[in-house]
Amino acid sequence: MATTVQKIKEIEDEMARTQKNKATSYHLGQLKAKLAKLRRDLISPSGGGGGGAGGIGFDVARTGVASVGFVGFPSVGKSTLMSKLTGTHSEVSEIDFTTLTTVPGTLKVHGAPIQILDLPGIIEGANDGRGRGRQGKDFIAVARTCNLIFIVLDVLKPLGDKKIIEGELEAFGIRLNKKPPAINVRKKDKGGIAITNTVPLTNIDHDEIKAILSEYKLSNADVTIREPNCTSDDLVDVIEGNRVYIPAIYVLNKIDAISIEELDLLYKIPNSVPISSKEWLNVDELIEKMWEALQLVRVYTKPRGQSPDYSTPVVLRHGKCAIDDFCNAIHKEIAKQLKYAVVWGSSAKHARGQKVGLDHVLEDEDVVHIVKR
């Protein structure tokens, strides 16, 4: 009997051989759905404890307000960068696979503690069981839980390695620098398949949509597509429902080994920051890019009759930065006791301060005074 890896290879080969046209779109849709299901089974086999990061050395206690995972091939300088950023010792060597477990550290940026996770060097094929077997899956499972991923690349071969690493993470359901597609699939008891699109379908047709739904045994469903240039992969992602959408920064390391002209070319790679961890070049720009990508919101407290405390901000995440979130970050009982809050800063309508309730959304560097009942 063919293994899951062999089945995946057979489907990929068949898809490569099949030319896409109206006559083959239904068949290609079925193949896409089958491929996604096989990859899901490979990553989280039944009875395998669910896809969590359970390998030895990968179950890391979370600290800080956000986590950043370092992903890259062996010996690209991840451990050197980690050690210098956080002061945490992560084994550094020119030899491949010096780091064999996840090494955590903490970096304080603008008063916010951010957890840095140095993950073991990735091996091409980790998604199909190669790359130290189960450990290969476990360390990418840790990457799935990060708020931001640093993909560390060697400047001498950035584009080739970038493509391979993106493919590995993609196979594990990690979508880099993307937002969830604006597609809704609603199951119903009867009525067959109804497809509604508010944008032109340029990369997928109704036959392909029906084929994918059929493979997932969805014979009665309403499909609404609002995603421009929607693809069959987008539809599969929505149906699978286990994808994670994580921002990524491409850290192009070892710029001390290239010329200024080559450096200018590297800056054309989107979402990238060229650095040298060894010579500590351009690391300040990397830290600022990290701060922007994490979209953290610092809020300062103001005790009654005193000046605001700018030394220890309450740090919230964008999208979860209402007064209610602010109160819960300090103590869960405060929200229940709140009479109102006074806010100064970007989110306030008046420079003298605005009286607000629990649903008021805060912005970075706002000052808040809580008034209890």
# chains A, B, ... in the order shown; residues from 1 in each chain; ligands from 1
$ residues_around --residues "Tyr245 in chain A" --least-positions-apart "4" --cutoff "8 Å" --atoms "only C-alpha atoms" --output "number ranges by chain"
A: 174-180
$ write_last_selection --atoms "C-alpha atoms" --output "PDB file, in the first residue's frame"
ATOM      1  CA  ILE A 174       1.284  28.721   7.470  1.00  0.00           C
ATOM      2  CA  ARG A 175       0.376  31.598   5.153  1.00  0.00           C
ATOM      3  CA  LEU A 176       3.007  34.336   5.143  1.00  0.00           C
ATOM      4  CA  ASN A 177       2.125  38.029   4.737  1.00  0.00           C
ATOM      5  CA  LYS A 178      -1.418  37.173   3.671  1.00  0.00           C
ATOM      6  CA  LYS A 179      -4.877  37.809   5.094  1.00  0.00           C
ATOM      7  CA  PRO A 180      -7.622  35.159   5.326  1.00  0.00           C
TER       8      PRO A 180
END
$ residues_around --residues "Ala335 in chain A" --least-positions-apart "4" --cutoff "12 Å" --atoms "only C-alpha atoms" --output "PyMOL selection string"
chain A and resi 322-331+339-341+357-359+370-373
$ closest_residue --among "A:Met15, A:Ala33, A:Ile193, A:Ala293" --to "Pro247 in chain A" --atoms "only C-alpha atoms"
A:Ala293
$ residues_around --residues "Thr231 in chain A" --least-positions-apart "5" --cutoff "9 Å" --atoms "only C-alpha atoms" --output "short mmCIF file (atom, residue, chain, number, x, y, z; two decimals) with C-alpha atoms, in the first residue's frame"
data_model
loop_
_atom_site.label_atom_id
_atom_site.label_comp_id
_atom_site.auth_asym_id
_atom_site.auth_seq_id
_atom_site.Cartn_x
_atom_site.Cartn_y
_atom_site.Cartn_z
CA LEU A 201 -13.75 34.68 -10.98
CA THR A 202 -10.49 34.86 -12.94
CA ASN A 203 -8.54 31.91 -11.45
CA ILE A 204 -11.30 29.43 -10.57
CA VAL A 236 -9.37 24.77 0.16
#
$ residues_around --residues "Asn253 in chain A" --least-positions-apart "6" --cutoff "12 Å" --atoms "only C-alpha atoms" --output "PyMOL selection string"
chain A and resi 72-73+75-81+150-158+263+266+272-283+286
